[in-house]
>>> print(open('my_file_31.cif').read())   # mmCIF, C-alpha atoms and all ligand atoms
data_model
#
loop_
_atom_site.label_atom_id
_atom_site.label_comp_id
_atom_site.auth_asym_id
_atom_site.auth_seq_id
_atom_site.Cartn_x
_atom_site.Cartn_y
_atom_site.Cartn_z
CA MET A 1 0.00 0.00 0.00
CA ILE A 2 2.65 2.55 1.07
CA GLU A 3 4.83 1.11 -1.68
CA ASP A 4 2.11 1.91 -4.24
CA ILE A 5 1.80 5.44 -2.90
CA LEU A 6 5.56 5.91 -3.18
CA LYS A 7 5.49 4.87 -6.83
CA ARG A 8 3.18 7.83 -7.53
CA TYR A 9 5.41 10.37 -5.76
CA THR A 10 7.47 12.68 -7.95
CA GLU A 11 9.13 15.15 -5.55
CA PRO A 12 8.81 14.30 -1.83
CA THR A 13 8.01 16.97 0.74
CA VAL A 14 9.75 16.38 4.07
CA THR A 15 7.02 16.74 6.67
CA THR A 16 6.99 16.78 10.45
CA VAL A 17 5.26 18.24 13.48
CA CYS A 18 6.71 21.62 14.52
CA SER A 19 8.33 20.54 17.77
CA HIS A 20 11.13 18.40 19.27
CA SER A 21 13.80 18.26 16.50
CA SER A 22 11.82 19.86 13.67
CA LEU A 23 14.25 22.75 13.14
CA GLN A 24 17.11 20.47 12.11
CA ILE A 25 14.76 18.20 10.13
CA PHE A 26 13.60 21.18 8.01
CA ASP A 27 17.09 22.69 7.80
CA GLY A 28 18.60 19.35 6.75
CA ALA A 29 15.85 18.70 4.21
CA ARG A 30 16.29 22.12 2.65
CA LYS A 31 20.05 21.59 2.38
CA GLU A 32 19.33 18.40 0.43
CA GLY A 33 16.92 20.21 -1.87
CA PHE A 34 13.58 19.02 -0.49
CA LYS A 35 10.40 21.03 -0.01
CA THR A 36 9.29 21.10 3.62
CA LEU A 37 5.95 21.11 5.40
CA GLY A 38 5.41 21.79 9.11
CA ILE A 39 2.31 20.60 10.95
CA ALA A 40 1.27 22.97 13.74
CA LEU A 41 -1.76 23.73 15.87
CA LYS A 42 -3.93 26.88 15.57
CA LYS A 43 -1.35 29.12 13.83
CA PRO A 44 2.22 28.97 12.52
CA PRO A 45 4.58 29.03 15.52
CA LYS A 46 6.17 32.49 15.63
CA PHE A 47 9.59 31.25 16.72
CA TYR A 48 10.23 29.92 13.22
CA ASP A 49 10.42 33.53 11.99
CA ALA A 50 13.53 33.85 14.13
CA PHE A 51 15.16 30.89 12.34
CA PRO A 52 14.58 31.45 8.62
CA ARG A 53 16.77 28.57 7.46
CA ALA A 54 14.85 26.11 9.56
CA LYS A 55 11.38 27.43 8.76
CA PRO A 56 9.28 25.04 6.66
CA ASP A 57 8.20 26.22 3.21
CA GLU A 58 4.59 25.73 4.20
CA PHE A 59 2.56 25.04 7.30
CA MET A 60 -0.41 22.74 7.67
CA ILE A 61 -2.48 24.25 10.48
CA LEU A 62 -4.76 21.97 12.49
CA ASP A 63 -6.90 22.30 15.62
CA ASP A 64 -5.74 18.98 16.99
CA TYR A 65 -3.02 16.50 16.07
CA LEU A 66 -5.70 13.84 15.79
CA GLU A 67 -6.74 15.59 12.55
CA ILE A 68 -3.54 14.44 10.84
CA GLU A 69 -5.27 11.25 9.74
CA ALA A 70 -8.11 13.22 8.17
CA GLN A 71 -5.52 15.27 6.25
CA LYS A 72 -4.15 12.14 4.62
CA ASP A 73 -5.26 13.04 1.09
CA GLU A 74 -3.75 16.52 1.32
CA LEU A 75 -0.49 15.02 2.62
CA LEU A 76 -0.41 12.54 -0.24
CA ARG A 77 -1.16 15.33 -2.73
CA GLN A 78 1.99 17.08 -1.51
CA ASP A 79 4.06 13.86 -1.79
CA ALA A 80 4.63 14.06 1.96
CA ILE A 81 7.16 11.85 3.68
CA VAL A 82 6.58 12.07 7.40
CA ILE A 83 9.60 12.16 9.72
CA PRO A 84 8.55 10.83 13.11
CA HIS A 85 10.05 12.26 16.28
CA GLY A 86 9.19 11.66 19.93
CA SER A 87 6.60 14.42 20.16
CA PHE A 88 5.00 13.45 16.84
CA VAL A 89 4.39 9.89 18.01
CA GLU A 90 3.26 11.03 21.45
CA TYR A 91 0.83 13.68 20.16
CA MET A 92 -0.77 11.29 17.67
CA GLY A 93 -0.61 8.20 19.84
CA ALA A 94 1.50 5.19 18.85
CA ASP A 95 -1.48 3.18 17.56
CA ARG A 96 -2.82 5.94 15.34
CA PHE A 97 0.66 6.70 14.10
CA ARG A 98 1.19 3.06 13.16
CA GLU A 99 -2.00 3.10 11.09
CA LEU A 100 -1.35 6.44 9.34
CA GLN A 101 -1.50 5.72 5.61
CA VAL A 102 1.11 8.30 4.69
CA PRO A 103 4.71 7.31 3.84
CA THR A 104 6.83 7.54 6.97
CA PHE A 105 10.60 7.49 7.28
CA GLY A 106 11.83 4.38 9.14
CA ASN A 107 10.21 1.06 9.93
CA ARG A 108 6.97 1.59 11.81
CA ARG A 109 7.02 -1.99 13.06
CA VAL A 110 9.66 -0.82 15.52
CA LEU A 111 6.91 0.89 17.53
CA GLU A 112 5.46 -2.36 18.77
CA TRP A 113 8.93 -3.46 19.96
CA GLU A 114 9.81 -0.20 21.56
CA SER A 115 6.60 0.84 23.27
CA ASP A 116 6.07 -2.49 25.07
CA ARG A 117 8.66 -2.76 27.86
CA ASN A 118 8.71 -6.57 27.70
CA LYS A 119 9.28 -6.66 23.95
CA GLU A 120 11.93 -3.96 24.23
CA ARG A 121 13.72 -6.17 26.77
CA THR A 122 13.44 -9.22 24.51
CA TRP A 123 14.99 -7.22 21.67
CA LEU A 124 17.85 -5.70 23.66
CA GLU A 125 18.67 -8.87 25.61
CA GLY A 126 18.49 -10.84 22.36
CA ALA A 127 21.10 -8.39 21.07
CA GLY A 128 23.35 -9.41 23.95
CA LEU A 129 23.22 -6.02 25.73
CA VAL A 130 23.45 -5.66 29.49
CA LEU A 131 20.23 -4.23 30.95
CA PRO A 132 19.50 -3.08 34.51
CA ALA A 133 18.16 -5.95 36.63
CA GLU A 134 14.38 -5.91 37.07
CA LEU A 135 13.16 -6.87 40.54
CA ASP A 136 9.87 -7.94 42.06
CA LEU A 137 8.70 -6.03 45.11
CA ASP A 138 9.86 -8.76 47.50
CA GLU A 139 13.30 -8.97 45.87
CA VAL A 140 14.32 -5.33 46.44
CA ASP A 141 17.70 -5.49 48.18
CA ARG A 142 19.44 -2.40 46.70
CA ALA A 143 18.73 1.09 45.40
CA VAL A 144 16.10 0.93 42.67
CA ILE A 145 14.30 3.29 40.33
CA VAL A 146 10.55 2.81 40.00
CA LYS A 147 9.26 3.56 36.51
CA TYR A 148 5.68 3.90 35.39
CA HIS A 149 4.89 2.46 31.98
CA GLY A 150 4.27 5.03 29.31
CA ALA A 151 5.62 7.85 31.54
CA LYS A 152 7.28 10.48 29.41
CA GLY A 153 10.66 11.88 30.27
CA GLY A 154 10.85 10.13 33.62
CA ALA A 155 8.57 12.75 35.21
CA SER A 156 7.05 10.59 37.92
CA PHE A 157 9.89 8.10 38.45
CA PHE A 158 11.31 7.78 41.95
CA ILE A 159 14.25 6.20 43.74
CA ALA A 160 13.69 3.79 46.62
CA ARG A 161 15.89 1.61 48.79
CA ASN A 162 13.51 -1.04 50.04
CA ARG A 163 10.08 -2.55 49.70
CA GLU A 164 8.54 -0.30 52.40
CA GLU A 165 9.60 2.86 50.60
CA ILE A 166 8.11 1.61 47.35
CA GLU A 167 4.83 0.60 48.96
CA ALA A 168 4.53 3.97 50.65
CA ARG A 169 4.98 5.89 47.40
CA VAL A 170 3.95 3.87 44.41
CA ASP A 171 0.70 4.59 42.58
CA LYS A 172 -0.65 1.06 42.27
CA THR A 173 -3.32 2.12 39.78
CA GLN A 174 -0.55 2.44 37.19
CA GLU A 175 1.65 -0.27 35.73
CA PHE A 176 5.22 0.06 36.96
CA THR A 177 8.64 -1.60 36.79
CA ILE A 178 11.23 -1.78 39.56
CA GLN A 179 14.71 -1.49 38.11
CA GLU A 180 18.10 -1.64 39.77
CA PHE A 181 19.47 1.93 40.01
CA VAL A 182 22.71 1.80 38.02
CA LEU A 183 25.39 4.20 39.19
CA GLY A 184 27.78 5.51 36.56
CA THR A 185 27.96 8.10 33.80
CA ARG A 186 25.16 8.42 31.29
CA TYR A 187 25.71 8.46 27.54
CA TYR A 188 22.88 8.81 25.03
CA ILE A 189 24.40 7.51 21.81
CA HIS A 190 22.92 8.66 18.49
CA TYR A 191 23.20 5.95 15.84
CA PHE A 192 22.03 5.88 12.23
CA TYR A 193 21.42 2.62 10.41
CA SER A 194 21.20 2.66 6.65
CA PRO A 195 20.13 -0.54 4.87
CA ILE A 196 21.24 0.95 1.54
CA LYS A 197 24.61 2.62 2.17
CA GLU A 198 27.48 0.27 1.44
CA ASP A 199 30.67 2.08 2.33
CA GLY A 200 31.30 2.46 6.04
CA TYR A 201 30.94 0.28 9.15
CA ALA A 202 29.38 -2.70 7.43
CA LEU A 203 26.65 -4.90 8.90
CA SER A 204 25.10 -8.03 7.38
CA LYS A 205 23.16 -5.54 5.27
CA GLY A 206 23.97 -1.82 5.00
CA THR A 207 26.04 0.30 7.37
CA LEU A 208 25.97 1.82 10.84
CA GLU A 209 27.03 5.35 11.82
CA VAL A 210 27.44 7.16 15.13
CA LEU A 211 26.45 10.79 14.64
CA GLY A 212 26.82 12.11 18.17
CA ILE A 213 26.49 11.58 21.90
CA ASP A 214 24.68 13.66 24.48
CA ARG A 215 23.69 13.53 28.09
CA ARG A 216 20.27 14.64 29.17
CA VAL A 217 20.11 17.30 31.82
CA GLU A 218 17.47 16.30 34.33
CA SER A 219 15.85 18.34 37.06
CA ASN A 220 16.39 18.05 39.93
CA ILE A 221 18.54 14.87 40.09
CA ASP A 222 21.52 16.49 38.35
CA GLU A 223 21.83 19.26 40.91
CA ILE A 224 20.44 17.65 44.04
CA TYR A 225 23.89 17.05 45.51
CA ARG A 226 24.19 20.83 46.00
CA LEU A 227 21.77 20.70 48.87
CA GLY A 228 22.95 17.55 50.66
CA SER A 229 22.83 13.79 50.29
CA ILE A 230 19.76 12.09 48.88
CA ASN A 231 19.19 10.39 52.25
CA GLU A 232 19.33 13.65 54.18
CA LEU A 233 17.02 15.34 51.71
CA ALA A 234 14.52 12.48 51.82
CA ARG A 235 14.14 13.13 55.56
CA VAL A 236 12.99 16.69 54.87
CA GLY A 237 10.70 15.64 52.06
CA ILE A 238 12.85 16.52 49.01
CA ASP A 239 12.98 13.72 46.45
CA PRO A 240 14.98 13.42 43.25
CA SER A 241 13.07 13.79 39.99
CA PHE A 242 14.09 13.06 36.40
CA VAL A 243 12.40 15.74 34.30
CA VAL A 244 14.41 16.37 31.12
CA THR A 245 15.16 20.08 30.71
CA GLY A 246 17.99 20.04 28.17
CA ASN A 247 21.02 18.22 26.75
CA LEU A 248 24.79 18.48 26.95
CA PRO A 249 27.27 17.35 24.28
CA LEU A 250 29.68 14.55 25.13
CA VAL A 251 32.51 12.52 23.69
CA LEU A 252 33.59 9.13 24.98
CA ARG A 253 37.07 7.85 25.69
CA GLU A 254 38.16 6.74 22.27
CA SER A 255 38.95 3.25 23.55
CA LEU A 256 35.23 2.75 24.23
CA LEU A 257 34.19 3.34 20.63
CA PRO A 258 34.62 -0.29 19.51
CA LYS A 259 32.17 -1.30 22.24
CA VAL A 260 29.75 1.44 21.15
CA PHE A 261 29.73 0.16 17.57
CA GLU A 262 29.42 -3.43 18.72
CA MET A 263 26.32 -2.56 20.75
CA GLY A 264 24.74 -0.68 17.85
CA GLU A 265 25.57 -3.49 15.46
CA GLN A 266 23.98 -6.12 17.70
CA VAL A 267 20.84 -4.03 18.14
CA VAL A 268 20.45 -3.61 14.39
CA GLU A 269 21.17 -7.27 13.59
CA GLU A 270 18.62 -8.41 16.17
CA SER A 271 16.07 -5.92 14.81
CA LEU A 272 16.60 -7.29 11.30
CA ARG A 273 15.85 -10.77 12.63
CA LEU A 274 12.82 -9.68 14.67
CA PHE A 275 10.99 -7.15 12.53
CA GLY A 276 12.90 -6.11 9.41
CA GLY A 277 15.25 -3.62 11.05
CA VAL A 278 15.40 -0.34 12.96
CA ILE A 279 15.87 1.96 9.97
CA GLY A 280 17.43 5.43 10.30
CA PRO A 281 18.23 7.14 13.60
CA PHE A 282 18.00 5.43 16.97
CA CYS A 283 19.50 6.11 20.37
CA LEU A 284 20.80 3.80 23.07
CA GLU A 285 20.43 5.33 26.51
CA THR A 286 23.29 3.93 28.53
CA ILE A 287 25.11 4.13 31.84
CA CYS A 288 28.83 3.41 31.80
CA THR A 289 29.88 1.84 35.08
CA PRO A 290 33.30 2.30 36.74
CA ASP A 291 34.43 -1.04 35.24
CA LEU A 292 33.63 0.40 31.80
CA GLU A 293 30.61 -1.75 31.15
CA PHE A 294 27.63 -0.17 29.37
CA VAL A 295 24.23 -0.85 30.91
CA VAL A 296 21.45 0.06 28.47
CA PHE A 297 18.23 1.21 30.11
CA GLU A 298 16.27 2.33 27.04
CA ILE A 299 16.19 2.54 23.26
CA SER A 300 14.54 5.36 21.32
CA ALA A 301 13.95 4.18 17.79
CA ARG A 302 13.84 7.55 16.02
CA ILE A 303 15.54 10.96 16.09
CA VAL A 304 16.08 12.07 19.70
CA ALA A 305 16.13 15.67 20.92
CA GLY A 306 19.77 15.31 22.04
CA THR A 307 20.76 15.48 18.36
CA ASN A 308 19.67 19.16 18.39
CA LEU A 309 23.13 19.88 19.78
CA PHE A 310 24.78 18.92 16.52
CA ILE A 311 23.10 20.99 13.79
CA SER A 312 26.41 21.75 12.11
CA GLY A 313 28.06 18.43 12.84
CA SER A 314 29.55 16.70 15.86
CA PRO A 315 32.94 15.29 16.88
CA TYR A 316 31.80 12.04 15.24
CA ALA A 317 29.66 13.20 12.29
CA ASP A 318 32.51 15.48 11.15
CA PHE A 319 34.51 12.38 10.24
CA ILE A 320 31.73 11.29 7.91
CA GLU A 321 30.94 14.63 6.32
CA PRO A 322 31.19 18.24 7.55
CA GLY A 323 27.93 19.86 8.66
CA LEU A 324 26.01 16.61 9.01
CA SER A 325 23.10 16.84 11.47
CA THR A 326 20.82 13.86 12.05
CA GLY A 327 18.07 15.83 10.27
CA ARG A 328 20.29 16.24 7.24
CA ARG A 329 21.34 12.58 7.39
CA ILE A 330 17.67 11.59 7.16
CA ALA A 331 17.21 13.81 4.11
CA LYS A 332 20.32 12.30 2.51
CA GLU A 333 18.97 8.81 3.07
CA ILE A 334 15.68 9.70 1.39
CA ARG A 335 17.55 11.29 -1.51
CA ALA A 336 19.87 8.28 -1.93
CA ALA A 337 17.03 5.77 -1.66
CA SER A 338 15.00 7.72 -4.17
CA GLU A 339 17.87 7.83 -6.66
CA LEU A 340 18.46 4.09 -6.26
CA GLY A 341 14.73 3.34 -6.62
CA ARG A 342 14.83 1.83 -3.11
CA LEU A 343 12.54 4.21 -1.19
CA ALA A 344 10.43 1.31 0.06
CA GLU A 345 13.42 0.02 2.04
CA VAL A 346 13.61 3.13 4.21
CA ILE A 347 10.01 4.31 4.15
CA THR A 348 7.00 2.36 5.39
P1 LIG A 401 12.02 8.79 27.49
O1 LIG A 401 10.84 8.05 26.96
O2 LIG A 401 11.94 10.27 27.30
O3 LIG A 401 13.35 8.20 27.08
P2 LIG A 401 11.36 7.57 29.98
O4 LIG A 401 10.19 8.18 30.65
O5 LIG A 401 11.18 6.29 29.29
O6 LIG A 401 12.01 8.64 29.06
P3 LIG A 401 13.91 6.73 30.97
O7 LIG A 401 14.66 7.33 29.83
O8 LIG A 401 13.81 5.27 31.08
O9 LIG A 401 12.48 7.42 31.06
O10 LIG A 401 14.52 7.28 32.34
C1 LIG A 401 14.51 8.67 32.70
C2 LIG A 401 15.81 8.97 33.43
O11 LIG A 401 15.92 8.19 34.62
C3 LIG A 401 17.07 8.62 32.63
O12 LIG A 401 17.43 9.62 31.73
C4 LIG A 401 18.09 8.40 33.72
O13 LIG A 401 18.63 9.60 34.20
C5 LIG A 401 17.27 7.79 34.82
N1 LIG A 401 17.31 6.31 34.81
C6 LIG A 401 16.50 5.49 34.11
N2 LIG A 401 16.78 4.19 34.36
C7 LIG A 401 17.81 4.19 35.25
C8 LIG A 401 18.54 3.16 35.92
N3 LIG A 401 18.25 1.86 35.74
N4 LIG A 401 19.53 3.53 36.77
C9 LIG A 401 19.81 4.84 36.97
N5 LIG A 401 19.14 5.85 36.39
C10 LIG A 401 18.15 5.55 35.52
#
>>> encode(input="my_file_31.cif", output="structure tokens", more="lines below")
Ligand code: ATP
Amino acid sequence: MIEDILKRYTEPTVTTVCSHSSLQIFDGARKEGFKTLGIALKKPPKFYDAFPRAKPDEFMILDDYLEIEAQKDELLRQDAIVIPHGSFVEYMGADRFRELQVPTFGNRRVLEWESDRNKERTWLEGAGLVLPAELDLDEVDRAVIVKYHGAKGGASFFIARNREEIEARVDKTQEFTIQEFVLGTRYYIHYFYSPIKEDGYALSKGTLEVLGIDRRVESNIDEIYRLGSINELARVGIDPSFVVTGNLPLVLRESLLPKVFEMGEQVVEESLRLFGGVIGPFCLETICTPDLEFVVFEISARIVAGTNLFISGSPYADFIEPGLSTGRRIAKEIRAASELGRLAEVIT
């Protein structure tokens, strides 16, 4: 079905929701010669006027993101290729997004593997990655982080040290997971998997790139030490929280890069076996322990906001091509696939 639609396309319009990483998606698309379309609510967001190079050529103005489905024919008329990002999928809802009959960059089957915590674990463990231990309530014998399913940005997560603390705090009306709290340094690694590019870090099919690394800045956990120890603060009713407020750029010790590529490679190979591959950008959210082991606590299977740091390249992307943002890399992939007549391999 999507394949048939793609056959009718003549000049794709790179389309996304005006939020999250849209500036670099539009900027990158324009640099690769694509028309761009931004979906926004009520009226065109004024802040785009401040960033002319990242402003989409046209806006599609809606009252509600749920109207995107109803705009399908208009999107197809404009040869739209939708670039999903975290806010796009969240605003539309994963189920609706999966059903949207408009060509979408990446493999939408990844959603079912990513949004279900059990399937995500099957995928990542199958890839041989180390994940934080998951504990039942009566097994809690160390510091843990309690995570609600479907919570966004860790807003309501909390740290606990024993069963009593969890029982006193947890909202039992929601589904939750108790995970070992891993102490170490966090690295959010931005990968890009291309099934069609042949020169580079080769996998069984296509190639893998690392375009950048960031660390999320989270309030208040990142600054809580300024006021005292977590235990002291808990006694006066101040608890750590994990609300993402920004991102910092990072590089890794160079000697860890082989491990980083190995992890990405295994994740892609397992995804090819399970559901046809995680196509395009994805991010492994990791904690590097003092014995230099990476524990992976999450995968985001699309462009992540941490890539916004690297609009004009990164200490890794610069070795591939100067000025390569993840947004631009996506546009390049669409261009290359289109020229090779292989759009259906990167768009579903
Ligand atoms: P998103 O969907 O935006 O990635 P989320 O709600 O799924 O977020 P996580 O990314 O799983 O939440 O976790 C939020 C934050 O909690 C992380 O960025 C990290 O700082 C911290 N965190 C998560 N899991 C662990 C863990 N096992 N040990 C230590 N810290 C953790």
>>> residues_near_ligand(input="my_file_31.cif", ligand="ligand LIG 401 (chain A)", cutoff="7 Å", atoms="all atoms listed in the file", output="ChimeraX atom specification")
/A:132,145,150-155,179-183,216,218,242,285,297-298,300
>>> residues_around(input="my_file_31.cif", residues="Ala336 in chain A", least_positions_apart="5", cutoff="12 Å", atoms="only C-alpha atoms", output="PyMOL selection string")
chain A and resi 32+194-198+329-331+341-346
>>> closest_residue(input="my_file_31.cif", among="A:Met92, A:Leu111, A:Leu76, A:Ala143", to="Ile5 in chain A", atoms="all atoms listed in the file")
A:Leu76
>>> closest_residue(input="my_file_31.cif", among="A:Ile39, A:Leu233, A:Leu124, A:Val130", to="Val267 in chain A", atoms="all atoms listed in the file")
A:Leu124
>>> closest_residue(input="my_file_31.cif", among="A:Gly228, A:Gly327, A:Gly313, A:Pro258", to="Ser22 in chain A", atoms="only C-alpha atoms")
A:Gly327
>>> residues_around(input="my_file_31.cif", residues="Val210 in chain A", least_positions_apart="5", cutoff="8 Å", atoms="only C-alpha atoms", output="NGL selection string")
:A and (189-192 or 261 or 316-317)
>>> closest_residue(input="my_file_31.cif", among="A:Thr289, A:Thr10, A:Ser21, A:Thr36", to="Thr185 in chain A", atoms="only C-alpha atoms")
A:Thr289
>>> residues_around(input="my_file_31.cif", residues="Asp222 in chain A", least_positions_apart="6", cutoff="12 Å", atoms="all atoms listed in the file", output="ChimeraX atom specification")
/A:185-186,215-216,230,240-247
>>> residues_around(input="my_file_31.cif", residues="Ser312 in chain A", least_positions_apart="6", cutoff="10 Å", atoms="only C-alpha atoms", output="PDB file with C-alpha atoms, in the frame of the given file")
ATOM      1  CA  GLN A  24      17.110  20.470  12.110  1.00  0.00           C
ATOM      2  CA  GLY A  28      18.600  19.350   6.750  1.00  0.00           C
ATOM      3  CA  ASP A 318      32.510  15.480  11.150  1.00  0.00           C
ATOM      4  CA  PRO A 322      31.190  18.240   7.550  1.00  0.00           C
ATOM      5  CA  GLY A 323      27.930  19.860   8.660  1.00  0.00           C
ATOM      6  CA  LEU A 324      26.010  16.610   9.010  1.00  0.00           C
ATOM      7  CA  SER A 325      23.100  16.840  11.470  1.00  0.00           C
ATOM      8  CA  THR A 326      20.820  13.860  12.050  1.00  0.00           C
ATOM      9  CA  ARG A 328      20.290  16.240   7.240  1.00  0.00           C
TER      10      ARG A 328
END
>>> atom_distance(input="my_file_31.cif", atom1="CA of Gly86 in chain A", atom2="CA of Thr15 in chain A")
14.4 Å
>>> residues_around(input="my_file_31.cif", residues="Tyr91 in chain A", least_positions_apart="2", cutoff="12 Å", atoms="all atoms listed in the file", output="ChimeraX atom specification")
/A:16-20,39-41,64-68,84-89,93-97,152
>>> build_atoms(input="my_file_31.cif", residues="range 271-293 of chain A", atoms="N, CA and C atoms", output="mmCIF file, keeping the file's coordinate frame")
data_model
loop_
_atom_site.group_PDB
_atom_site.id
_atom_site.type_symbol
_atom_site.label_atom_id
_atom_site.label_comp_id
_atom_site.auth_asym_id
_atom_site.auth_seq_id
_atom_site.Cartn_x
_atom_site.Cartn_y
_atom_site.Cartn_z
ATOM 1 N N SER A 271 17.303 -6.527 15.347
ATOM 2 C CA SER A 271 16.070 -5.920 14.810
ATOM 3 C C SER A 271 15.781 -6.443 13.408
ATOM 4 N N LEU A 272 16.813 -6.726 12.644
ATOM 5 C CA LEU A 272 16.600 -7.290 11.300
ATOM 6 C C LEU A 272 15.950 -8.668 11.424
ATOM 7 N N ARG A 273 16.412 -9.420 12.419
ATOM 8 C CA ARG A 273 15.850 -10.770 12.630
ATOM 9 C C ARG A 273 14.400 -10.686 13.118
ATOM 10 N N LEU A 274 14.136 -9.714 14.023
ATOM 11 C CA LEU A 274 12.820 -9.680 14.670
ATOM 12 C C LEU A 274 11.733 -9.017 13.831
ATOM 13 N N PHE A 275 12.081 -7.888 13.200
ATOM 14 C CA PHE A 275 10.990 -7.150 12.530
ATOM 15 C C PHE A 275 11.443 -6.360 11.299
ATOM 16 N N GLY A 276 12.514 -6.765 10.670
ATOM 17 C CA GLY A 276 12.900 -6.110 9.410
ATOM 18 C C GLY A 276 13.807 -4.905 9.594
ATOM 19 N N GLY A 277 14.195 -4.622 10.853
ATOM 20 C CA GLY A 277 15.250 -3.620 11.050
ATOM 21 C C GLY A 277 14.788 -2.281 11.606
ATOM 22 N N VAL A 278 15.647 -1.697 12.449
ATOM 23 C CA VAL A 278 15.400 -0.340 12.960
ATOM 24 C C VAL A 278 16.103 0.601 11.978
ATOM 25 N N ILE A 279 15.317 1.199 11.102
ATOM 26 C CA ILE A 279 15.870 1.960 9.970
ATOM 27 C C ILE A 279 16.061 3.432 10.371
ATOM 28 N N GLY A 280 17.207 4.014 10.032
ATOM 29 C CA GLY A 280 17.430 5.430 10.300
ATOM 30 C C GLY A 280 17.978 5.667 11.694
ATOM 31 N N PRO A 281 17.621 6.808 12.309
ATOM 32 C CA PRO A 281 18.230 7.140 13.600
ATOM 33 C C PRO A 281 17.626 6.361 14.761
ATOM 34 N N PHE A 282 18.476 5.985 15.695
ATOM 35 C CA PHE A 282 18.000 5.430 16.970
ATOM 36 C C PHE A 282 19.029 5.789 18.032
ATOM 37 N N CYS A 283 18.619 5.692 19.286
ATOM 38 C CA CYS A 283 19.500 6.110 20.370
ATOM 39 C C CYS A 283 19.505 5.068 21.472
ATOM 40 N N LEU A 284 20.691 4.665 21.890
ATOM 41 C CA LEU A 284 20.800 3.800 23.070
ATOM 42 C C LEU A 284 21.092 4.691 24.268
ATOM 43 N N GLU A 285 20.266 4.550 25.295
ATOM 44 C CA GLU A 285 20.430 5.330 26.510
ATOM 45 C C GLU A 285 21.176 4.445 27.507
ATOM 46 N N THR A 286 22.404 4.838 27.825
ATOM 47 C CA THR A 286 23.290 3.930 28.530
ATOM 48 C C THR A 286 23.876 4.555 29.793
ATOM 49 N N ILE A 287 24.341 3.687 30.673
ATOM 50 C CA ILE A 287 25.110 4.130 31.840
ATOM 51 C C ILE A 287 26.413 3.349 31.807
ATOM 52 N N CYS A 288 27.531 4.067 31.825
ATOM 53 C CA CYS A 288 28.830 3.410 31.800
ATOM 54 C C CYS A 288 29.325 3.293 33.240
ATOM 55 N N THR A 289 29.519 2.078 33.678
ATOM 56 C CA THR A 289 29.880 1.840 35.080
ATOM 57 C C THR A 289 31.390 2.026 35.269
ATOM 58 N N PRO A 290 31.861 2.086 36.526
ATOM 59 C CA PRO A 290 33.300 2.300 36.740
ATOM 60 C C PRO A 290 34.166 1.180 36.142
ATOM 61 N N ASP A 291 33.614 -0.016 35.918
ATOM 62 C CA ASP A 291 34.430 -1.040 35.240
ATOM 63 C C ASP A 291 34.213 -1.025 33.720
ATOM 64 N N LEU A 292 33.752 0.121 33.239
ATOM 65 C CA LEU A 292 33.630 0.400 31.800
ATOM 66 C C LEU A 292 32.691 -0.565 31.071
ATOM 67 N N GLU A 293 31.657 -0.949 31.781
ATOM 68 C CA GLU A 293 30.610 -1.750 31.150
ATOM 69 C C GLU A 293 29.425 -0.817 30.865
#
